[in-house]
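Worksheet for the structure shown next.
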There are 2 protein chains.
Amino acid sequence: MAKKADIIVGVDMGGTSMKALVVDGKNRILAIEKMPTNRAKKSRGLIADIAALVAKAVRKSAAKRSQFCAVSIGAPGAIDPKTGTVRKAPNLGWLNVPLGRELTKLVRIRVVVNNDVNAGVVGEHAFGAGERVDDMTGIFVGTGIGGGIISRGRLFEGSSGAAGEVGHTVLVADGPLCACGHHGCAEALASRTAMERDVRAAIKKGRKTAIPAIMKQRHKDRMTSSVIHAALKAKDPLMQEVMARAQYYLGILVANVVNLLDPERVVIGGGLAERMGEGFVQPIRRHAYEYFLRQADTKRVKIVPGSLGDNAGALGAVVLARQRLKH
Amino acid sequence: MAKKADIIVGVDMGGTSMKALVVDGKNRILAIEKMPTNRAKKSRGLIADIAALVAKAVRKSAAKRSQFCAVSIGAPGAIDPKTGTVRKAPNLGWLNVPLGRELTKLVRIRVVVNNDVNAGVVGEHAFGAGERVDDMTGIFVGTGIGGGIISRGRLFEGSSGAAGEVGHTVLVADGPLCACGHHGCAEALASRTAMERDVRAAIKKGRKTAIPAIMKQRHKDRMTSSVIHAALKAKDPLMQEVMARAQYYLGILVANVVNLLDPERVVIGGGLAERMGEGFVQPIRRHAYEYFLRQADTKRVKIVPGSLGDNAGALGAVVLARQRLKH
């Protein structure tokens, strides 16, 4: 008797690397493959890379081709989940790329596309820090700030599949310029990019700090999560100050979300949360509590770091594909 | 044959007046009654007033007692819809008042309690400016700023029935003090109370304005919607300036909501929207568009004034009761 075709390849397309997980119908991970994201390539080349990554993961899993039912991608930027088109992904320089359609031609199986952070939040909800919770919000802090809302156990998609952009809610009207072109968004105040901007500005003003040395030592030209973590471990005062400010704004962001959406849990994901865990989340929680409208929520609403690390996106993509295929 | 018991009395409990609508199973309004809210009374006295108002409306409707199935209240503040308790209503000075239980004893029929603004948003969604739309957000601007979220055609309640508090999301971290005790909430920047605070501060600094004369002429000791409207019609420069600032912040608030929740419509309700209509909403819309993350939303997302006036809350309360009674 032929086995049921219920294996899905979940792919997380990050700005620096891409990860594919082969997951069976019982949500067991059969294989993992990873490759760097070559952003110098055009969309066609990058889509070919994804197809190659998927093929490699499929081979590694040793499952038969007939057992697979879909490839599901979490892609950065604004996605149209209905058509599988990436409307706009500034990180990749993509504009209206029909990722779903193009990738289907190469992998010859159904392709589902969702926003990468939405997928990450769904992953944390299904298997990670949001398990057994019906209403949660995820906030992922990295180069940018993204998010996703789970309501009654399902992803809250909004009217065009674009809901969850916590990073582009304004926390300081007329505040610093954001990558989106507006001012004072959470992303412009508390992302890694915002922290790096503040560190560079302080250095320019003559502030002493160990951060450039740490970056050099690690051969990094950007202030990555590992650089930030190392600078904090070295008790660099500038890094402590910049991080504390970001955590203050993230606390207000969490409170805004709790006051507006009334979730029972907020999961803080992304590279910094993964690396620093409670050290990253604890000050955010403290500030959030100060801004809660409903005092009882300080006892009721849990604010926790994500627990799946960089598997969250690919696992969530698998969950979203299963929901889609049911309909 | 006895008629089906499907008539509901919807009550909107406002800070200044209370309104009861008797509504039949086909959503026809059979009777309307109104009375002032006597805030000097304790909760017991005010609940007796509601019972009297309901009785008066029921008599006026000429319907038989046996045709009624519920009284449904929209009450200000934090409500526990499951128990019908008003957890906290600063406007009324109420703390943990079992409104549902106490009123049931007096009216001897099932009583449903929800937040007044949530009810107003549900009313606009069912019968007003949000008709035939699945995903919308309502923002009601008055003494405070409240709101409600409609997702997939239903009120988004959150994990404890408290979702929708747009007025207590921070737009200016470290901004002006809010009635809730925090700083920089939308309510502290753009409610009538915030506008009045700014007007009084400017007068104290020696700024000339016709506003005090307009208040005196209308025997008002607060800057009501009618005072604001009259001052704007008289082209009072201070009023224009203060209103323009409030509309700027409301525009950012609308954009935050659109970027986060991806609704297809935003309904602006409350006294100012009712009195000024498009004159209130147009500048808000313009600022919101500037802050939209998704450019296409300027064509897709409609931002409109509410259309039910002060019937919205009572009508929405009726809708919420019908949904509750089904379960």
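Ligands are numbered from 1 in the order shown, chains are lettered A, B, ... in the order of the structure tokens, and residues start at 1 in each chain.
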
8 Å contact set for Arg87 (chain B), only C-alpha atoms, chain neighbours under 4 positions out, as a count of residues only: 8

Within 12 Å of region 132-154 of chain A, which residues of region 182-276 of chain A show up? Give each one with its shortest atom-to-atom distance in Å (one decimal) and the two atoms involved, counting only C-alpha atoms, rows by chain then rising residue number, as a tab-separated table.
```
residue	atom	partner	partner_atom	distance
A:Cys185	CA	A:Ile145	CA	9.6
A:Ala186	CA	A:Ile145	CA	7.3
A:Glu187	CA	A:Ile145	CA	5.2
A:Ala188	CA	A:Gly144	CA	8.3
A:Leu189	CA	A:Ile145	CA	9.8
A:Ala190	CA	A:Val141	CA	7.9
A:Ser191	CA	A:Gly144	CA	5.3
A:Arg192	CA	A:Thr143	CA	5.0
A:Thr193	CA	A:Thr143	CA	5.4
A:Ala194	CA	A:Thr143	CA	8.4
A:Met195	CA	A:Thr143	CA	9.6
A:Glu196	CA	A:Thr143	CA	9.7
A:Arg197	CA	A:Thr143	CA	11.5
A:Arg222	CA	A:Thr143	CA	10.1
A:Met223	CA	A:Thr143	CA	9.7
A:Thr224	CA	A:Thr143	CA	8.6
A:Ser225	CA	A:Gly142	CA	8.0
A:Ser226	CA	A:Gly142	CA	11.7
A:Ile228	CA	A:Gly142	CA	11.6
A:Ala246	CA	A:Val141	CA	10.3
A:Gln247	CA	A:Val141	CA	10.6
A:Tyr249	CA	A:Val141	CA	11.9
A:Leu250	CA	A:Val141	CA	9.1
A:Gly251	CA	A:Ile139	CA	11.1
A:Leu253	CA	A:Ile139	CA	9.1
A:Val254	CA	A:Ile139	CA	8.1
A:Ala255	CA	A:Thr137	CA	11.3
A:Asn256	CA	A:Thr137	CA	11.3
A:Val257	CA	A:Thr137	CA	7.7
A:Val258	CA	A:Thr137	CA	8.4
A:Asn259	CA	A:Thr137	CA	11.8
A:Leu260	CA	A:Thr137	CA	11.0
A:Leu261	CA	A:Thr137	CA	8.3
A:Asp262	CA	A:Asp135	CA	7.9
A:Pro263	CA	A:Met136	CA	4.8
A:Glu264	CA	A:Asp135	CA	5.8
A:Arg265	CA	A:Met136	CA	4.8
A:Val266	CA	A:Thr137	CA	4.9
A:Val267	CA	A:Gly138	CA	4.7
A:Ile268	CA	A:Ile139	CA	5.0
A:Gly269	CA	A:Phe140	CA	4.3
A:Gly270	CA	A:Phe140	CA	4.7
A:Gly271	CA	A:Gly142	CA	5.9
A:Leu272	CA	A:Gly142	CA	6.9
A:Ala273	CA	A:Val141	CA	7.6
A:Glu274	CA	A:Val141	CA	10.0
A:Arg275	CA	A:Gly142	CA	11.4
```

Which neighbours of Gly175 (chain A) fall inside 8 Å, counting only C-alpha atoms, when residues of the same chain fewer than 2 positions from it are skipped, and could you give them as a list in words?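 So, after excluding close chain neighbours, the residues are Val172, Ala173, Leu177, His183, Gly184 and Cys185 of chain A.
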
Just give me the gap between CA of Gly277 (chain A) and CA of Glu241 (chain A) in Å, one decimal is fine.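 Taking CA of Gly277 (chain A) as the start and CA of Glu241 (chain A) as the end point, the length is 18.4 Å.
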
DSSP-assigned strand (DSSP E) members of region 20-133 of chain A, reported as number ranges by chain: A: 20-23, 29-36, 68-75, 78-80, 85-89, 94-97, 111-115

Those residues with N, CA, C and O atoms, as a short mmCIF file (atom, residue, chain, number, x, y, z; two decimals), in the first residue's frame please?
```cif
data_model
loop_
_atom_site.label_atom_id
_atom_site.label_comp_id
_atom_site.auth_asym_id
_atom_site.auth_seq_id
_atom_site.Cartn_x
_atom_site.Cartn_y
_atom_site.Cartn_z
N ALA A 20 16.21 24.64 4.92
CA ALA A 20 15.10 23.78 4.51
C ALA A 20 14.97 22.63 5.50
O ALA A 20 15.96 21.99 5.88
N LEU A 21 13.72 22.37 5.95
CA LEU A 21 13.43 21.25 6.84
C LEU A 21 12.45 20.31 6.14
O LEU A 21 11.41 20.76 5.66
N VAL A 22 12.78 19.03 6.14
CA VAL A 22 11.85 18.04 5.61
C VAL A 22 11.07 17.48 6.80
O VAL A 22 11.67 16.93 7.73
N VAL A 23 9.73 17.66 6.77
CA VAL A 23 8.91 17.34 7.94
C VAL A 23 7.80 16.37 7.53
O VAL A 23 7.09 16.61 6.55
N ILE A 29 11.08 15.91 12.10
CA ILE A 29 12.04 16.48 11.15
C ILE A 29 12.90 15.35 10.59
O ILE A 29 13.61 14.66 11.33
N LEU A 30 12.81 15.12 9.27
CA LEU A 30 13.55 14.02 8.64
C LEU A 30 14.91 14.47 8.12
O LEU A 30 15.83 13.66 8.00
N ALA A 31 15.04 15.76 7.80
CA ALA A 31 16.32 16.25 7.29
C ALA A 31 16.37 17.77 7.38
O ALA A 31 15.33 18.44 7.35
N ILE A 32 17.58 18.30 7.53
CA ILE A 32 17.80 19.75 7.56
C ILE A 32 18.92 20.08 6.60
O ILE A 32 19.95 19.39 6.57
N GLU A 33 18.73 21.11 5.77
CA GLU A 33 19.80 21.62 4.91
C GLU A 33 19.85 23.13 5.01
O GLU A 33 18.82 23.78 5.21
N LYS A 34 21.03 23.67 4.83
CA LYS A 34 21.21 25.12 4.94
C LYS A 34 22.13 25.60 3.83
O LYS A 34 23.01 24.85 3.38
N MET A 35 21.95 26.82 3.35
CA MET A 35 22.92 27.42 2.43
C MET A 35 22.87 28.94 2.55
O MET A 35 21.86 29.50 2.99
N PRO A 36 23.97 29.61 2.21
CA PRO A 36 23.95 31.07 2.30
C PRO A 36 23.02 31.67 1.24
O PRO A 36 22.83 31.10 0.17
N PHE A 68 5.83 13.34 -0.91
CA PHE A 68 5.83 14.79 -0.67
C PHE A 68 4.55 15.44 -1.20
O PHE A 68 4.05 15.06 -2.26
N CYS A 69 4.02 16.41 -0.45
CA CYS A 69 2.83 17.10 -0.96
C CYS A 69 3.05 18.58 -1.21
O CYS A 69 2.26 19.19 -1.94
N ALA A 70 4.07 19.18 -0.64
CA ALA A 70 4.26 20.62 -0.87
C ALA A 70 5.63 21.10 -0.42
O ALA A 70 6.29 20.46 0.41
N VAL A 71 6.03 22.21 -1.00
CA VAL A 71 7.14 23.01 -0.48
C VAL A 71 6.52 24.30 0.04
O VAL A 71 5.67 24.89 -0.62
N SER A 72 6.89 24.69 1.25
CA SER A 72 6.29 25.90 1.83
C SER A 72 7.38 26.86 2.26
O SER A 72 8.25 26.51 3.05
N ILE A 73 7.32 28.08 1.72
CA ILE A 73 8.38 29.06 1.94
C ILE A 73 7.95 30.16 2.90
O ILE A 73 6.82 30.67 2.79
N GLY A 74 8.80 30.53 3.79
CA GLY A 74 8.64 31.77 4.53
C GLY A 74 9.62 32.77 3.91
O GLY A 74 10.82 32.57 3.99
N ALA A 75 9.07 33.81 3.26
CA ALA A 75 9.92 34.76 2.54
C ALA A 75 9.82 36.14 3.17
O ALA A 75 8.75 36.52 3.65
N ALA A 78 6.67 41.83 1.95
CA ALA A 78 5.22 41.79 1.78
C ALA A 78 4.87 40.71 0.77
O ALA A 78 5.32 40.73 -0.36
N ILE A 79 4.06 39.76 1.23
CA ILE A 79 3.73 38.59 0.42
C ILE A 79 2.25 38.60 0.12
O ILE A 79 1.45 39.04 0.93
N ASP A 80 1.87 38.10 -1.03
CA ASP A 80 0.47 37.80 -1.28
C ASP A 80 0.31 36.28 -1.18
O ASP A 80 0.63 35.55 -2.11
N THR A 85 3.04 35.43 -4.56
CA THR A 85 3.92 36.48 -5.09
C THR A 85 4.57 37.28 -3.95
O THR A 85 3.91 37.61 -2.97
N VAL A 86 5.86 37.56 -4.10
CA VAL A 86 6.53 38.47 -3.18
C VAL A 86 6.33 39.87 -3.75
O VAL A 86 6.91 40.23 -4.77
N ARG A 87 5.48 40.64 -3.08
CA ARG A 87 5.16 41.97 -3.59
C ARG A 87 6.35 42.90 -3.48
O ARG A 87 6.68 43.64 -4.39
N LYS A 88 7.01 42.84 -2.35
CA LYS A 88 8.09 43.79 -2.10
C LYS A 88 8.98 43.24 -1.00
O LYS A 88 8.50 42.99 0.11
N ALA A 89 10.24 43.00 -1.31
CA ALA A 89 11.18 42.53 -0.30
C ALA A 89 12.45 43.38 -0.40
O ALA A 89 13.38 43.04 -1.12
N TRP A 94 13.65 42.65 -4.21
CA TRP A 94 12.60 42.05 -5.03
C TRP A 94 11.37 42.95 -5.09
O TRP A 94 10.96 43.54 -4.10
N LEU A 95 10.75 42.99 -6.27
CA LEU A 95 9.49 43.70 -6.44
C LEU A 95 8.61 42.84 -7.33
O LEU A 95 8.97 42.55 -8.47
N ASN A 96 7.47 42.41 -6.80
CA ASN A 96 6.52 41.58 -7.55
C ASN A 96 7.17 40.37 -8.22
O ASN A 96 7.07 40.18 -9.43
N VAL A 97 7.84 39.56 -7.42
CA VAL A 97 8.45 38.33 -7.94
C VAL A 97 7.48 37.17 -7.71
O VAL A 97 7.09 36.90 -6.56
N VAL A 111 3.64 24.79 -4.28
CA VAL A 111 4.44 25.70 -3.46
C VAL A 111 3.53 26.70 -2.76
O VAL A 111 2.65 27.29 -3.38
N VAL A 112 3.72 26.84 -1.46
CA VAL A 112 2.96 27.80 -0.66
C VAL A 112 3.95 28.87 -0.19
O VAL A 112 5.09 28.55 0.16
N VAL A 113 3.54 30.13 -0.22
CA VAL A 113 4.43 31.21 0.23
C VAL A 113 3.74 32.06 1.29
O VAL A 113 2.58 32.44 1.13
N ASN A 114 4.44 32.33 2.37
CA ASN A 114 3.96 33.24 3.41
C ASN A 114 5.10 34.14 3.85
O ASN A 114 6.26 33.88 3.54
N ASN A 115 4.77 35.17 4.59
CA ASN A 115 5.79 36.03 5.16
C ASN A 115 6.65 35.25 6.16
O ASN A 115 6.13 34.44 6.93
#
```

Take CA of Gly309 (chain A) and CA of Gly128 (chain A) and report the distance between them in Å, one decimal. 9.2 Å

Separation of CA of Pro90 (chain A) and CA of Asp221 (chain A), in Å? 19.9 Å

In terms of the shortest atom-to-atom distance over only C-alpha atoms, which of B:Gln217, B:Ser307, B:Thr209, B:Ser160 is closest to chain A?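 Under the stated criterion, the closest residue is B:Ser160.
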
Skip region 124-126 of chain A itself and residues of its chain fewer than 3 positions away, then list as a PyMOL selection string all residues within 7 Å of it, counting only C-alpha atoms. chain A and resi 120-121+129-131+306+308+312

Near Lys64 (chain A), counting only C-alpha atoms, which residues have an atom at most 10 Å away, once you skip same-chain residues fewer than 4 positions from it, shown as a PDB file with N, CA and C atoms, in the first residue's frame?
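Result saved to out-v1.pdb:
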```pdb
ATOM      1  N   LYS A   3       2.211   4.872   0.769  1.00  0.00           N
ATOM      2  CA  LYS A   3       2.106   5.769   1.928  1.00  0.00           C
ATOM      3  C   LYS A   3       1.413   7.054   1.513  1.00  0.00           C
ATOM      4  N   ALA A   5       0.829  10.899   0.938  1.00  0.00           N
ATOM      5  CA  ALA A   5       1.757  11.989   0.600  1.00  0.00           C
ATOM      6  C   ALA A   5       1.562  13.137   1.574  1.00  0.00           C
ATOM      7  N   ILE A   7       4.453  14.560   3.447  1.00  0.00           N
ATOM      8  CA  ILE A   7       5.713  15.222   3.801  1.00  0.00           C
ATOM      9  C   ILE A   7       5.766  16.607   3.159  1.00  0.00           C
ATOM     10  N   VAL A  58      15.604  16.908   0.317  1.00  0.00           N
ATOM     11  CA  VAL A  58      14.757  15.761  -0.022  1.00  0.00           C
ATOM     12  C   VAL A  58      15.613  14.494  -0.134  1.00  0.00           C
ATOM     13  N   ARG A  59      16.741  14.619  -0.830  1.00  0.00           N
ATOM     14  CA  ARG A  59      17.649  13.457  -0.962  1.00  0.00           C
ATOM     15  C   ARG A  59      18.112  12.989   0.403  1.00  0.00           C
ATOM     16  N   PHE A  68       5.826  13.345  -0.914  1.00  0.00           N
ATOM     17  CA  PHE A  68       5.828  14.794  -0.673  1.00  0.00           C
ATOM     18  C   PHE A  68       4.554  15.436  -1.203  1.00  0.00           C
TER      19      PHE A  68
END
```

Contact residues around Gly93 (chain B) with only C-alpha atoms at 9 Å, ignoring same-chain residues under 5 positions, as a compact mmCIF listing (two decimals) with all heavy atoms, in the first residue's frame:
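What follows is the written file result_20.txt:
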```txt
# COMPACT_ATOMS: atom_id res chain seq x y z
N ARG B 39 -24.07 60.75 37.64
CA ARG B 39 -22.82 60.17 38.13
C ARG B 39 -22.61 60.38 39.63
O ARG B 39 -21.71 59.80 40.22
CB ARG B 39 -21.64 60.75 37.34
CG ARG B 39 -21.66 60.26 35.90
CD ARG B 39 -20.29 60.38 35.28
NE ARG B 39 -20.07 61.72 34.75
CZ ARG B 39 -18.91 62.11 34.23
NH1 ARG B 39 -17.88 61.29 34.21
NH2 ARG B 39 -18.76 63.33 33.75
N LYS B 42 -24.40 56.29 43.51
CA LYS B 42 -23.57 55.09 43.63
C LYS B 42 -24.01 54.07 42.59
O LYS B 42 -25.06 54.24 41.95
CB LYS B 42 -23.72 54.51 45.04
CG LYS B 42 -23.24 55.48 46.10
CD LYS B 42 -22.51 54.76 47.21
CE LYS B 42 -21.73 55.78 48.03
NZ LYS B 42 -21.79 55.52 49.45
N SER B 43 -23.25 53.00 42.45
CA SER B 43 -23.55 52.03 41.40
C SER B 43 -24.96 51.47 41.55
O SER B 43 -25.68 51.31 40.58
CB SER B 43 -22.52 50.90 41.41
OG SER B 43 -22.54 50.21 42.64
N LYS B 88 -13.52 47.92 35.96
CA LYS B 88 -12.98 49.24 36.29
C LYS B 88 -13.54 50.24 35.30
O LYS B 88 -13.34 50.10 34.10
CB LYS B 88 -11.45 49.19 36.17
CG LYS B 88 -10.72 50.35 36.82
CD LYS B 88 -9.21 50.17 36.65
CE LYS B 88 -8.44 51.39 37.08
NZ LYS B 88 -7.00 51.24 36.80
```

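Using only C-alpha atoms, the shortest contact distance between Phe292 (chain B) and any of A:Val199, A:Ala321, A:Ala213, A:Val170 is found at A:Val170.
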